[in-house]
$ cat model-v2.csv   # CSV, C-alpha atoms
chain,number,residue,atom,x,y,z
R,186,MET,CA,39.1,2.0,4.9
R,187,SER,CA,37.8,5.3,6.4
R,188,PRO,CA,35.0,5.0,8.9
R,189,GLN,CA,32.6,6.6,6.4
R,190,ARG,CA,33.7,4.1,3.7
R,191,ARG,CA,33.5,1.1,6.1
R,192,ARG,CA,29.9,2.1,7.0
R,193,GLU,CA,29.0,2.3,3.3
R,194,HIS,CA,30.7,-1.1,2.6
R,195,LEU,CA,28.5,-2.7,5.3
R,196,ILE,CA,25.4,-1.1,3.8
R,197,GLU,CA,26.3,-2.3,0.3
R,198,ALA,CA,27.0,-5.9,1.6
R,199,THR,CA,23.6,-5.7,3.3
R,200,LEU,CA,21.8,-4.5,0.2
R,201,GLU,CA,23.3,-7.3,-1.8
R,202,LEU,CA,22.1,-9.9,0.7
R,203,PHE,CA,18.7,-8.3,1.0
R,204,ALA,CA,18.2,-8.3,-2.8
R,205,THR,CA,18.3,-12.1,-3.0
R,206,VAL,CA,17.7,-13.5,0.5
R,207,GLY,CA,15.0,-11.1,1.7
R,208,PRO,CA,15.6,-8.8,4.7
R,209,GLU,CA,13.7,-10.9,7.1
R,210,GLN,CA,16.2,-13.8,6.8
R,211,VAL,CA,19.3,-11.6,7.3
R,212,GLY,CA,21.0,-11.2,10.7
R,213,VAL,CA,24.3,-9.8,12.0
R,214,ARG,CA,26.0,-13.1,11.3
R,215,GLU,CA,25.1,-13.2,7.6
R,216,ILE,CA,26.2,-9.6,7.2
R,217,THR,CA,29.6,-9.9,8.9
R,218,ARG,CA,30.2,-13.0,6.9
R,219,ALA,CA,29.3,-11.4,3.6
R,220,ALA,CA,31.3,-8.2,4.3
R,221,ASP,CA,34.2,-10.2,5.8
R,222,VAL,CA,34.3,-8.3,9.0
R,223,SER,CA,34.2,-9.2,12.7
R,224,ARG,CA,31.2,-8.9,15.0
R,225,ALA,CA,33.2,-6.4,17.1
R,226,LEU,CA,33.7,-4.2,14.0
R,227,PHE,CA,30.0,-4.4,13.0
R,228,TYR,CA,29.0,-3.1,16.5
R,229,ARG,CA,31.4,-0.2,16.2
R,230,TYR,CA,29.2,1.1,13.3
R,231,PHE,CA,25.7,-0.1,14.1
R,232,SER,CA,23.9,-0.7,17.4
R,233,GLY,CA,22.3,-3.8,15.9
R,234,ILE,CA,20.5,-5.3,12.9
R,235,GLU,CA,17.5,-2.9,13.2
R,236,GLU,CA,19.7,0.2,12.7
R,237,LEU,CA,21.5,-1.3,9.7
R,238,ARG,CA,18.1,-2.4,8.2
R,239,VAL,CA,16.8,1.2,8.4
R,240,ALA,CA,20.1,2.5,6.9
R,241,ALA,CA,20.0,0.0,4.0
R,242,LEU,CA,16.3,0.5,3.2
R,243,SER,CA,16.8,4.3,3.4
R,244,ALA,CA,19.6,3.9,0.8
R,245,ILE,CA,17.1,2.2,-1.6
R,246,VAL,CA,14.5,4.9,-1.1
R,247,ARG,CA,17.1,7.6,-1.8
R,248,GLU,CA,18.2,5.7,-4.9
R,249,LEU,CA,14.5,5.5,-6.1
R,250,GLY,CA,14.1,9.2,-5.5
R,251,ALA,CA,17.3,10.1,-7.3
R,252,SER,CA,16.6,7.8,-10.2
R,253,ILE,CA,13.3,9.5,-11.2
R,254,ALA,CA,14.5,13.1,-10.3
R,255,ASP,CA,15.5,14.1,-13.8
R,256,PRO,CA,13.9,11.9,-16.5
R,257,VAL,CA,15.2,12.2,-20.0
R,258,GLY,CA,13.1,12.6,-23.2
R,259,ALA,CA,11.8,15.3,-25.5
R,260,THR,CA,8.1,15.1,-24.6
R,261,PRO,CA,6.3,14.6,-21.3
R,262,LEU,CA,5.3,11.2,-22.5
R,263,ASP,CA,8.9,10.2,-23.2
R,264,GLN,CA,9.9,11.6,-19.8
R,265,LEU,CA,7.1,9.5,-18.1
R,266,ARG,CA,8.4,6.4,-19.8
R,267,SER,CA,12.0,7.2,-18.8
R,268,ALA,CA,10.9,7.7,-15.1
R,269,VAL,CA,9.0,4.4,-15.1
R,270,ASN,CA,12.0,2.6,-16.5
R,271,ALA,CA,14.3,4.2,-14.0
R,272,PHE,CA,11.9,3.2,-11.2
R,273,LEU,CA,11.8,-0.4,-12.4
R,274,ASP,CA,15.7,-0.5,-12.7
R,275,VAL,CA,16.0,0.3,-9.0
R,276,ALA,CA,13.1,-2.1,-8.0
R,277,GLU,CA,14.8,-4.8,-10.1
R,278,LYS,CA,18.2,-4.2,-8.6
R,279,HIS,CA,16.9,-4.5,-5.0
R,280,ALA,CA,14.3,-7.2,-5.8
R,281,LYS,CA,13.3,-8.8,-2.5
R,282,ALA,CA,14.3,-5.7,-0.5
R,283,TYR,CA,12.0,-3.5,-2.6
R,284,VAL,CA,9.1,-5.9,-1.9
R,285,ALA,CA,9.8,-5.9,1.8
R,286,LEU,CA,10.0,-2.2,1.9
R,287,LEU,CA,6.4,-1.8,0.6
R,288,ARG,CA,4.8,-4.7,2.5
R,289,SER,CA,2.6,-3.4,5.2
R,290,GLY,CA,3.3,-4.9,8.6
R,291,SER,CA,6.6,-6.4,7.3
R,292,VAL,CA,9.1,-6.8,10.1
R,293,VAL,CA,11.6,-4.7,8.2
R,294,ALA,CA,9.3,-1.7,7.4
R,295,SER,CA,9.4,0.7,10.3
R,296,GLY,CA,8.0,4.2,10.9
R,297,ASP,CA,11.3,5.6,9.6
R,298,THR,CA,11.2,3.9,6.3
R,299,ALA,CA,7.5,4.4,5.8
R,300,ALA,CA,8.0,8.2,6.0
R,301,LEU,CA,10.8,7.9,3.4
R,302,VAL,CA,8.6,5.8,1.1
R,303,ASP,CA,5.8,8.4,1.4
R,304,GLY,CA,8.4,11.0,0.4
R,305,VAL,CA,9.2,9.2,-2.8
R,306,ARG,CA,5.5,8.7,-3.6
R,307,GLU,CA,4.9,12.5,-3.2
R,308,GLN,CA,8.0,13.1,-5.4
R,309,ILE,CA,6.5,11.0,-8.2
R,310,VAL,CA,3.1,12.8,-7.8
R,311,ARG,CA,4.8,16.2,-8.1
R,312,LEU,CA,6.8,15.0,-11.2
R,313,VAL,CA,3.6,13.8,-13.0
R,314,VAL,CA,1.7,16.9,-12.1
R,315,GLU,CA,4.6,19.1,-13.3
R,316,ARG,CA,4.9,17.3,-16.6
R,317,SER,CA,1.1,17.2,-17.1
R,318,GLY,CA,1.2,21.0,-17.2
R,319,VAL,CA,-1.9,21.3,-15.1
R,320,PRO,CA,-1.4,24.6,-13.2
R,321,ALA,CA,-3.8,24.0,-10.3
R,322,PRO,CA,-4.5,20.2,-9.9
R,323,SER,CA,-7.8,19.4,-8.3
R,324,PRO,CA,-8.1,17.1,-5.3
R,325,LEU,CA,-9.5,14.4,-7.7
R,326,PHE,CA,-6.6,14.9,-10.1
R,327,LEU,CA,-4.2,14.4,-7.2
R,328,MET,CA,-6.1,11.3,-6.1
R,329,THR,CA,-5.8,9.9,-9.6
R,330,VAL,CA,-2.1,10.4,-9.7
R,331,ARG,CA,-1.6,9.0,-6.2
R,332,GLY,CA,-3.9,6.1,-7.1
R,333,TRP,CA,-1.7,5.4,-10.2
R,334,VAL,CA,1.4,5.4,-7.9
R,335,ALA,CA,-0.3,2.7,-5.8
R,336,LEU,CA,-1.2,0.8,-8.9
R,337,ALA,CA,2.5,1.0,-10.1
R,338,GLU,CA,3.8,-0.3,-6.8
R,339,SER,CA,1.3,-3.1,-6.7
R,340,ALA,CA,1.9,-4.0,-10.4
R,341,THR,CA,5.7,-4.0,-9.9
R,342,VAL,CA,5.5,-6.4,-6.9
R,343,SER,CA,3.1,-8.7,-8.8
R,344,TRP,CA,5.3,-8.6,-11.9
R,345,GLN,CA,8.5,-9.3,-10.0
R,346,GLN,CA,6.8,-12.5,-8.7
R,347,ASP,CA,5.3,-13.8,-11.9
R,348,ARG,CA,7.2,-12.1,-14.8
R,349,SER,CA,3.9,-12.6,-16.8
R,350,VAL,CA,4.8,-10.0,-19.5
R,351,PRO,CA,8.0,-8.7,-21.0
R,352,ARG,CA,9.3,-5.6,-19.2
R,353,ASP,CA,8.7,-3.3,-22.1
R,354,GLN,CA,5.1,-4.3,-22.1
R,355,LEU,CA,4.8,-3.6,-18.4
R,356,VAL,CA,6.1,-0.1,-19.0
R,357,GLU,CA,3.7,0.6,-21.8
R,358,TRP,CA,0.8,-0.8,-19.7
R,359,LEU,CA,1.7,1.5,-16.8
R,360,VAL,CA,1.9,4.5,-19.0
R,361,GLY,CA,-1.3,3.5,-20.7
R,362,GLN,CA,-3.1,3.1,-17.4
R,363,LEU,CA,-2.0,6.6,-16.2
R,364,ARG,CA,-3.4,8.1,-19.5
R,365,ALA,CA,-6.6,6.2,-19.2
R,366,MET,CA,-7.1,7.2,-15.5
R,367,LEU,CA,-6.4,10.9,-16.2
R,368,ALA,CA,-8.8,10.8,-19.1
R,369,GLU,CA,-11.5,9.2,-17.0
R,370,ASN,CA,-10.9,11.8,-14.3
R,371,ALA,CA,-11.2,14.6,-16.8
R,372,ARG,CA,-14.5,13.1,-18.0
R,373,HIS,CA,-15.7,12.8,-14.4
R,374,GLU,CA,-14.7,16.4,-13.6
R,375,GLN,CA,-15.9,17.7,-17.0
R,376,VAL,CA,-12.6,19.4,-17.7
R,377,PRO,CA,-10.4,19.1,-20.8
R,378,ALA,CA,-8.2,15.9,-20.8
R,379,VAL,CA,-4.5,16.2,-20.1
R,380,SER,CA,-2.5,14.9,-23.0
R,381,PHE,CA,0.6,13.0,-22.1
W,242,MET,CA,-21.2,-11.0,31.4
W,243,SER,CA,-19.9,-14.2,30.1
W,244,PRO,CA,-16.1,-14.4,29.4
W,245,GLN,CA,-16.9,-14.4,25.6
W,246,ARG,CA,-19.2,-11.4,25.9
W,247,ARG,CA,-16.6,-9.6,28.2
W,248,ARG,CA,-13.9,-10.1,25.6
W,249,GLU,CA,-16.2,-8.7,22.8
W,250,HIS,CA,-17.0,-5.8,25.1
W,251,LEU,CA,-13.3,-4.9,25.5
W,252,ILE,CA,-12.8,-5.2,21.7
W,253,GLU,CA,-15.8,-3.0,21.0
W,254,ALA,CA,-14.6,-0.3,23.5
W,255,THR,CA,-11.2,-0.5,21.8
W,256,LEU,CA,-12.6,0.0,18.3
W,257,GLU,CA,-14.6,3.0,19.4
W,258,LEU,CA,-11.4,4.6,20.9
W,259,PHE,CA,-9.4,3.6,17.8
W,260,ALA,CA,-11.9,5.2,15.4
W,261,THR,CA,-11.4,8.7,16.9
W,262,VAL,CA,-8.1,8.8,18.7
W,263,GLY,CA,-5.9,6.6,16.4
W,264,PRO,CA,-4.6,3.2,17.6
W,265,GLU,CA,-1.1,4.6,18.3
W,266,GLN,CA,-2.3,6.8,21.1
W,267,VAL,CA,-4.3,4.1,22.9
W,268,GLY,CA,-2.9,2.1,25.8
W,269,VAL,CA,-4.3,-0.2,28.4
W,270,ARG,CA,-5.2,2.7,30.7
W,271,GLU,CA,-7.4,4.4,28.1
W,272,ILE,CA,-9.1,1.1,27.3
W,273,THR,CA,-9.9,0.1,30.9
W,274,ARG,CA,-11.2,3.6,31.5
W,275,ALA,CA,-13.5,3.5,28.4
W,276,ALA,CA,-14.7,0.0,29.1
W,277,ASP,CA,-15.0,0.7,32.8
W,278,VAL,CA,-13.1,-2.3,33.9
W,279,SER,CA,-10.1,-2.9,36.2
W,280,ARG,CA,-6.5,-3.5,34.9
W,281,ALA,CA,-6.7,-6.9,36.6
W,282,LEU,CA,-9.7,-7.8,34.6
W,283,PHE,CA,-8.1,-6.6,31.3
W,284,TYR,CA,-5.1,-8.9,31.9
W,285,ARG,CA,-7.4,-11.8,32.4
W,286,TYR,CA,-8.5,-11.5,28.8
W,287,PHE,CA,-5.5,-10.1,26.9
W,288,SER,CA,-1.7,-10.5,27.5
W,289,GLY,CA,-1.3,-6.8,26.7
W,290,ILE,CA,-2.1,-4.0,24.4
W,291,GLU,CA,-0.5,-5.7,21.4
W,292,GLU,CA,-2.8,-8.7,21.6
W,293,LEU,CA,-5.9,-6.5,21.9
W,294,ARG,CA,-4.7,-4.4,18.9
W,295,VAL,CA,-4.4,-7.4,16.7
W,296,ALA,CA,-7.9,-8.7,17.9
W,297,ALA,CA,-9.5,-5.3,17.3
W,298,LEU,CA,-7.9,-4.8,13.8
W,299,SER,CA,-8.8,-8.3,12.9
W,300,ALA,CA,-12.4,-7.5,13.7
W,301,ILE,CA,-12.3,-4.6,11.3
W,302,VAL,CA,-10.8,-6.8,8.5
W,303,ARG,CA,-13.5,-9.4,9.1
W,304,GLU,CA,-16.2,-6.7,8.9
W,305,LEU,CA,-14.7,-5.4,5.7
W,306,GLY,CA,-14.7,-8.9,4.2
W,307,ALA,CA,-18.3,-9.6,5.4
W,308,SER,CA,-19.6,-6.2,4.1
W,309,ILE,CA,-18.6,-6.9,0.5
W,310,ALA,CA,-19.3,-10.6,0.4
W,311,ASP,CA,-22.8,-10.4,-1.0
W,312,PRO,CA,-23.4,-7.1,-2.8
W,313,VAL,CA,-27.0,-6.3,-3.8
W,314,GLY,CA,-28.1,-5.1,-7.2
W,315,ALA,CA,-29.6,-6.4,-10.5
W,316,THR,CA,-26.5,-5.8,-12.7
W,317,PRO,CA,-22.8,-6.3,-12.1
W,318,LEU,CA,-22.4,-2.5,-12.2
W,319,ASP,CA,-25.0,-2.1,-9.4
W,320,GLN,CA,-23.3,-4.8,-7.4
W,321,LEU,CA,-20.0,-3.1,-7.8
W,322,ARG,CA,-21.5,0.2,-6.6
W,323,SER,CA,-23.1,-1.6,-3.7
W,324,ALA,CA,-19.7,-3.3,-2.7
W,325,VAL,CA,-17.9,0.0,-2.9
W,326,ASN,CA,-20.5,1.6,-0.7
W,327,ALA,CA,-20.3,-1.2,1.8
W,328,PHE,CA,-16.5,-0.9,1.9
W,329,LEU,CA,-16.7,2.9,2.5
W,330,ASP,CA,-19.3,2.3,5.3
W,331,VAL,CA,-16.8,0.1,7.2
W,332,ALA,CA,-13.9,2.5,6.5
W,333,GLU,CA,-15.9,5.4,7.7
W,334,LYS,CA,-17.1,3.7,10.8
W,335,HIS,CA,-13.5,2.9,11.9
W,336,ALA,CA,-11.9,6.0,10.4
W,337,LYS,CA,-8.5,6.4,12.0
W,338,ALA,CA,-8.2,2.6,12.7
W,339,TYR,CA,-8.8,1.9,9.0
W,340,VAL,CA,-6.0,4.3,8.1
W,341,ALA,CA,-3.6,2.8,10.6
W,342,LEU,CA,-4.4,-0.7,9.4
W,343,LEU,CA,-3.2,0.2,5.9
W,344,ARG,CA,-0.2,2.4,6.7
W,345,SER,CA,3.0,0.5,6.0
W,346,GLY,CA,5.3,0.5,8.9
W,347,SER,CA,2.6,1.7,11.2
W,348,VAL,CA,3.2,0.6,14.8
W,349,VAL,CA,-0.1,-1.1,14.9
W,350,ALA,CA,0.1,-3.0,11.6
W,351,SER,CA,1.7,-6.4,12.3
W,352,GLY,CA,2.4,-9.5,10.2
W,353,ASP,CA,-0.9,-10.9,11.5
W,354,THR,CA,-3.0,-8.0,10.4
W,355,ALA,CA,-1.1,-7.6,7.1
W,356,ALA,CA,-2.0,-11.2,6.1
W,357,LEU,CA,-5.7,-10.5,6.9
W,358,VAL,CA,-5.6,-7.3,4.9
W,359,ASP,CA,-4.1,-9.2,1.9
W,360,GLY,CA,-7.0,-11.7,2.3
W,361,VAL,CA,-9.6,-9.0,1.9
W,362,ARG,CA,-7.8,-7.6,-1.1
W,363,GLU,CA,-7.9,-11.0,-2.8
W,364,GLN,CA,-11.6,-11.3,-1.9
W,365,ILE,CA,-12.3,-8.1,-3.7
W,366,VAL,CA,-10.3,-9.2,-6.7
W,367,ARG,CA,-12.2,-12.5,-6.8
W,368,LEU,CA,-15.5,-10.6,-6.5
W,369,VAL,CA,-14.7,-8.2,-9.4
W,370,VAL,CA,-13.4,-11.1,-11.6
W,371,GLU,CA,-16.5,-13.1,-10.9
W,372,ARG,CA,-18.9,-10.2,-11.7
W,373,SER,CA,-16.9,-9.3,-14.8
W,374,GLY,CA,-17.8,-12.7,-16.3
W,375,VAL,CA,-14.2,-13.2,-17.6
W,376,PRO,CA,-13.7,-17.0,-17.5
W,377,ALA,CA,-9.9,-17.1,-17.5
W,378,PRO,CA,-8.5,-13.8,-16.3
W,379,SER,CA,-5.0,-13.0,-17.8
W,380,PRO,CA,-2.2,-11.9,-15.5
W,381,LEU,CA,-2.6,-8.3,-16.8
W,382,PHE,CA,-6.3,-8.4,-16.1
W,383,LEU,CA,-5.6,-9.5,-12.5
W,384,MET,CA,-2.9,-6.8,-12.2
W,385,THR,CA,-5.5,-4.3,-13.3
W,386,VAL,CA,-8.0,-5.3,-10.7
W,387,ARG,CA,-5.4,-5.5,-7.9
W,388,GLY,CA,-4.1,-2.0,-9.0
W,389,TRP,CA,-7.7,-0.7,-8.7
W,390,VAL,CA,-7.9,-2.1,-5.2
W,391,ALA,CA,-4.7,-0.2,-4.4
W,392,LEU,CA,-6.2,2.9,-5.9
W,393,ALA,CA,-9.4,2.5,-3.9
W,394,GLU,CA,-7.5,2.1,-0.6
W,395,SER,CA,-5.3,5.1,-1.4
W,396,ALA,CA,-8.3,7.2,-2.5
W,397,THR,CA,-10.3,6.3,0.6
W,398,VAL,CA,-7.5,7.4,2.9
W,399,SER,CA,-7.0,10.7,1.0
W,400,TRP,CA,-10.7,11.3,1.0
W,401,GLN,CA,-11.1,10.6,4.7
W,402,GLN,CA,-8.5,13.3,5.3
W,403,ASP,CA,-9.8,16.1,3.0
W,404,ARG,CA,-13.4,15.2,2.1
W,405,SER,CA,-12.8,17.0,-1.1
W,406,VAL,CA,-15.8,15.6,-2.9
W,407,PRO,CA,-19.2,14.3,-1.8
W,408,ARG,CA,-19.2,10.6,-1.0
W,409,ASP,CA,-21.6,9.8,-3.9
W,410,GLN,CA,-19.1,11.3,-6.3
W,411,LEU,CA,-16.2,9.3,-4.8
W,412,VAL,CA,-18.2,6.1,-5.4
W,413,GLU,CA,-18.9,7.1,-9.1
W,414,TRP,CA,-15.3,8.1,-9.5
W,415,LEU,CA,-14.0,4.7,-8.2
W,416,VAL,CA,-16.5,2.8,-10.4
W,417,GLY,CA,-15.5,4.9,-13.4
W,418,GLN,CA,-11.8,4.3,-12.8
W,419,LEU,CA,-12.3,0.6,-12.7
W,420,ARG,CA,-14.2,0.7,-16.0
W,421,ALA,CA,-11.5,2.9,-17.6
W,422,MET,CA,-8.7,0.7,-16.3
W,423,LEU,CA,-10.3,-2.5,-17.6
W,424,ALA,CA,-11.0,-0.8,-21.0
W,425,GLU,CA,-7.4,0.3,-21.2
W,426,ASN,CA,-6.2,-3.2,-20.3
W,427,ALA,CA,-8.5,-4.8,-23.0
W,428,ARG,CA,-7.1,-2.3,-25.5
W,429,HIS,CA,-3.5,-3.2,-24.5
W,430,GLU,CA,-4.2,-6.9,-24.6
W,431,GLN,CA,-6.2,-6.6,-27.8
W,432,VAL,CA,-9.2,-8.5,-26.4
W,433,PRO,CA,-12.9,-7.5,-26.2
W,434,ALA,CA,-13.6,-5.0,-23.4
W,435,VAL,CA,-15.4,-6.2,-20.2
W,436,SER,CA,-18.6,-4.3,-19.8
W,437,PHE,CA,-19.5,-3.4,-16.2

$ encode --input "model-v2.csv" --output "structure tokens"
Amino acid sequence: MSPQRRREHLIEATLELFATVGPEQVGVREITRAADVSRALFYRYFSGIEELRVAALSAIVRELGASIADPVGATPLDQLRSAVNAFLDVAEKHAKAYVALLRSGSVVASGDTAALVDGVREQIVRLVVERSGVPAPSPLFLMTVRGWVALAESATVSWQQDRSVPRDQLVEWLVGQLRAMLAENARHEQVPAVSF
Amino acid sequence: MSPQRRREHLIEATLELFATVGPEQVGVREITRAADVSRALFYRYFSGIEELRVAALSAIVRELGASIADPVGATPLDQLRSAVNAFLDVAEKHAKAYVALLRSGSVVASGDTAALVDGVREQIVRLVVERSGVPAPSPLFLMTVRGWVALAESATVSWQQDRSVPRDQLVEWLVGQLRAMLAENARHEQVPAVSF
């Protein structure tokens, strides 16, 4: 393997472990065992578990960003559904690592990953604003969309824990909540409602 | 001063500094200067800056919890408004410390404070559920209220940064969003709407 490929291989093995075991429980020993490499080799690529954690969590954040970048669908509403589905795909794939990434004060969330997570949040906000067709979004409109992103994160984490509704219903519920929140905001601001 | 009072005095001085300067920028030197005590005295009460940070942030969380515990008002809607106002009072008083407390991956948010923050969130959820009069809240109902708490936190942080609307309007907007989200959830679950 090339050094670049070896590094990716270590990150992939880490992400697989993180998805099921939870990043807090994973150390260098678990990773070298899962990737079938020696400790010496590990330390040629990463200074320690912290650096690998940040690299692995950054990979998830980039995947989240890429997954929602170009939603498919004929109408803005279809595109919103497609983006929500793509987001849930990535959250599902990484399961426990996704939860750890968002948990405030989690041992694995660092200043580095927090900035990346904020980047994805702003990307989602831009996507919704763009698709909504509102040319100059008001501060309250932006607050509404940011609040919906916070709702979507909180709902995804709850849902991953209790699976209380089928996934399709979760998607429709999230889409419905955004529409209701935007309608309420339009009512509050006394402007025409945005139709998604 | 008694040891108990001296400890409280150090925590109060820290909270005052945190509110304006931001907890990341505050070290033992700034605190001993603000509280007008020696380094030696500081280390008699706290093992270091970390322990004092946790004590100070815990004090804010307890204040948040106490402030919303017994909202005044004749109707559930008035009580909700009163609780939102009490929450904003505490967030305003502690300003930068409040933001730091919620920021994921912030250097000052630790596992200890994250658990306390989660406790206040659940307390708000219980309060809303209780006042809503719903005897057996469904998982989606709880998700809606938790999502609103996430929206309220995110909106408060945004608002503290840009002050884009008068505070009264923010309160009405937050109350309106909860009502809209609960109505949307009732529509989705095909159950009668909760009237706040």

$ closest_residue --input "model-v2.csv" --among "W:Val386, W:Val375, W:Val366, W:Leu381" --to "Ala434 of chain W" --atoms "all atoms listed in the file"
W:Val375

$ atom_distance --input "model-v2.csv" --atom1 "atom CA of Gln210 of chain R" --atom2 "atom CA of Tyr228 of chain R"
19.3 Å

$ interface_residues --input "model-v2.csv" --of "chain R" --to "chain W" --cutoff "10 Å" --atoms "only C-alpha atoms" --output "NGL selection string"
:R and (286-300 or 302-303 or 323-325 or 327-344 or 347-350 or 354-355 or 357-359 or 361-370 or 372-374)

$ closest_residue --input "model-v2.csv" --among "W:Ala297, W:Gln402, W:Leu282, W:Phe287" --to "Glu253 of chain W" --atoms "only C-alpha atoms"
W:Ala297

$ residues_near_point --input "model-v2.csv" --point "(2.7, 15.1, -14.7)" --cutoff "10 Å" --atoms "only C-alpha atoms" --output "list in words"
Pro261, Leu262, Gln264, Leu265, Ile309, Val310, Arg311, Leu312, Val313, Val314, Glu315, Arg316, Ser317, Gly318, Val319, Val330, Leu363, Val379, Ser380 and Phe381 of chain R

$ closest_residue --input "model-v2.csv" --among "R:Leu249, R:Leu237, R:Val269, R:Ala282" --to "Glu209 of chain R" --atoms "only C-alpha atoms"
R:Ala282

$ closest_residue --input "model-v2.csv" --among "R:Arg306, R:Arg218, R:Arg190, R:Lys278" --to "Ile253 of chain R" --atoms "all atoms listed in the file"
R:Arg306

$ decode --input "model-v2.csv" --residues "segment 392-403 of chain W" --atoms "N, CA and C atoms" --output "PDB file, in the first residue's frame"
ATOM      1  N   LEU W 392     -33.979  24.415  19.085  1.00  0.00           N
ATOM      2  CA  LEU W 392     -34.240  25.664  18.355  1.00  0.00           C
ATOM      3  C   LEU W 392     -34.056  26.867  19.279  1.00  0.00           C
ATOM      4  N   ALA W 393     -34.594  26.784  20.507  1.00  0.00           N
ATOM      5  CA  ALA W 393     -34.513  27.909  21.445  1.00  0.00           C
ATOM      6  C   ALA W 393     -33.058  28.209  21.794  1.00  0.00           C
ATOM      7  N   GLU W 394     -32.247  27.167  21.991  1.00  0.00           N
ATOM      8  CA  GLU W 394     -30.828  27.384  22.304  1.00  0.00           C
ATOM      9  C   GLU W 394     -30.112  28.037  21.127  1.00  0.00           C
ATOM     10  N   SER W 395     -30.356  27.497  19.945  1.00  0.00           N
ATOM     11  CA  SER W 395     -29.686  28.018  18.755  1.00  0.00           C
ATOM     12  C   SER W 395     -30.123  29.460  18.482  1.00  0.00           C
ATOM     13  N   ALA W 396     -31.421  29.743  18.649  1.00  0.00           N
ATOM     14  CA  ALA W 396     -31.924  31.101  18.404  1.00  0.00           C
ATOM     15  C   ALA W 396     -31.361  32.080  19.426  1.00  0.00           C
ATOM     16  N   THR W 397     -31.253  31.649  20.690  1.00  0.00           N
ATOM     17  CA  THR W 397     -30.734  32.536  21.735  1.00  0.00           C
ATOM     18  C   THR W 397     -29.281  32.926  21.438  1.00  0.00           C
ATOM     19  N   VAL W 398     -28.493  31.929  21.022  1.00  0.00           N
ATOM     20  CA  VAL W 398     -27.088  32.223  20.700  1.00  0.00           C
ATOM     21  C   VAL W 398     -26.993  33.179  19.505  1.00  0.00           C
ATOM     22  N   SER W 399     -27.772  32.920  18.438  1.00  0.00           N
ATOM     23  CA  SER W 399     -27.781  33.824  17.267  1.00  0.00           C
ATOM     24  C   SER W 399     -28.190  35.228  17.680  1.00  0.00           C
ATOM     25  N   TRP W 400     -29.263  35.298  18.447  1.00  0.00           N
ATOM     26  CA  TRP W 400     -29.819  36.595  18.842  1.00  0.00           C
ATOM     27  C   TRP W 400     -28.831  37.382  19.702  1.00  0.00           C
ATOM     28  N   GLN W 401     -28.126  36.688  20.592  1.00  0.00           N
ATOM     29  CA  GLN W 401     -27.144  37.381  21.429  1.00  0.00           C
ATOM     30  C   GLN W 401     -26.019  37.965  20.577  1.00  0.00           C
ATOM     31  N   GLN W 402     -25.802  37.365  19.400  1.00  0.00           N
ATOM     32  CA  GLN W 402     -24.744  37.888  18.543  1.00  0.00           C
ATOM     33  C   GLN W 402     -25.220  39.060  17.683  1.00  0.00           C
ATOM     34  N   ASP W 403     -26.463  38.972  17.155  1.00  0.00           N
ATOM     35  CA  ASP W 403     -26.863  40.029  16.210  1.00  0.00           C
ATOM     36  C   ASP W 403     -27.992  40.951  16.690  1.00  0.00           C
TER      37      ASP W 403
END
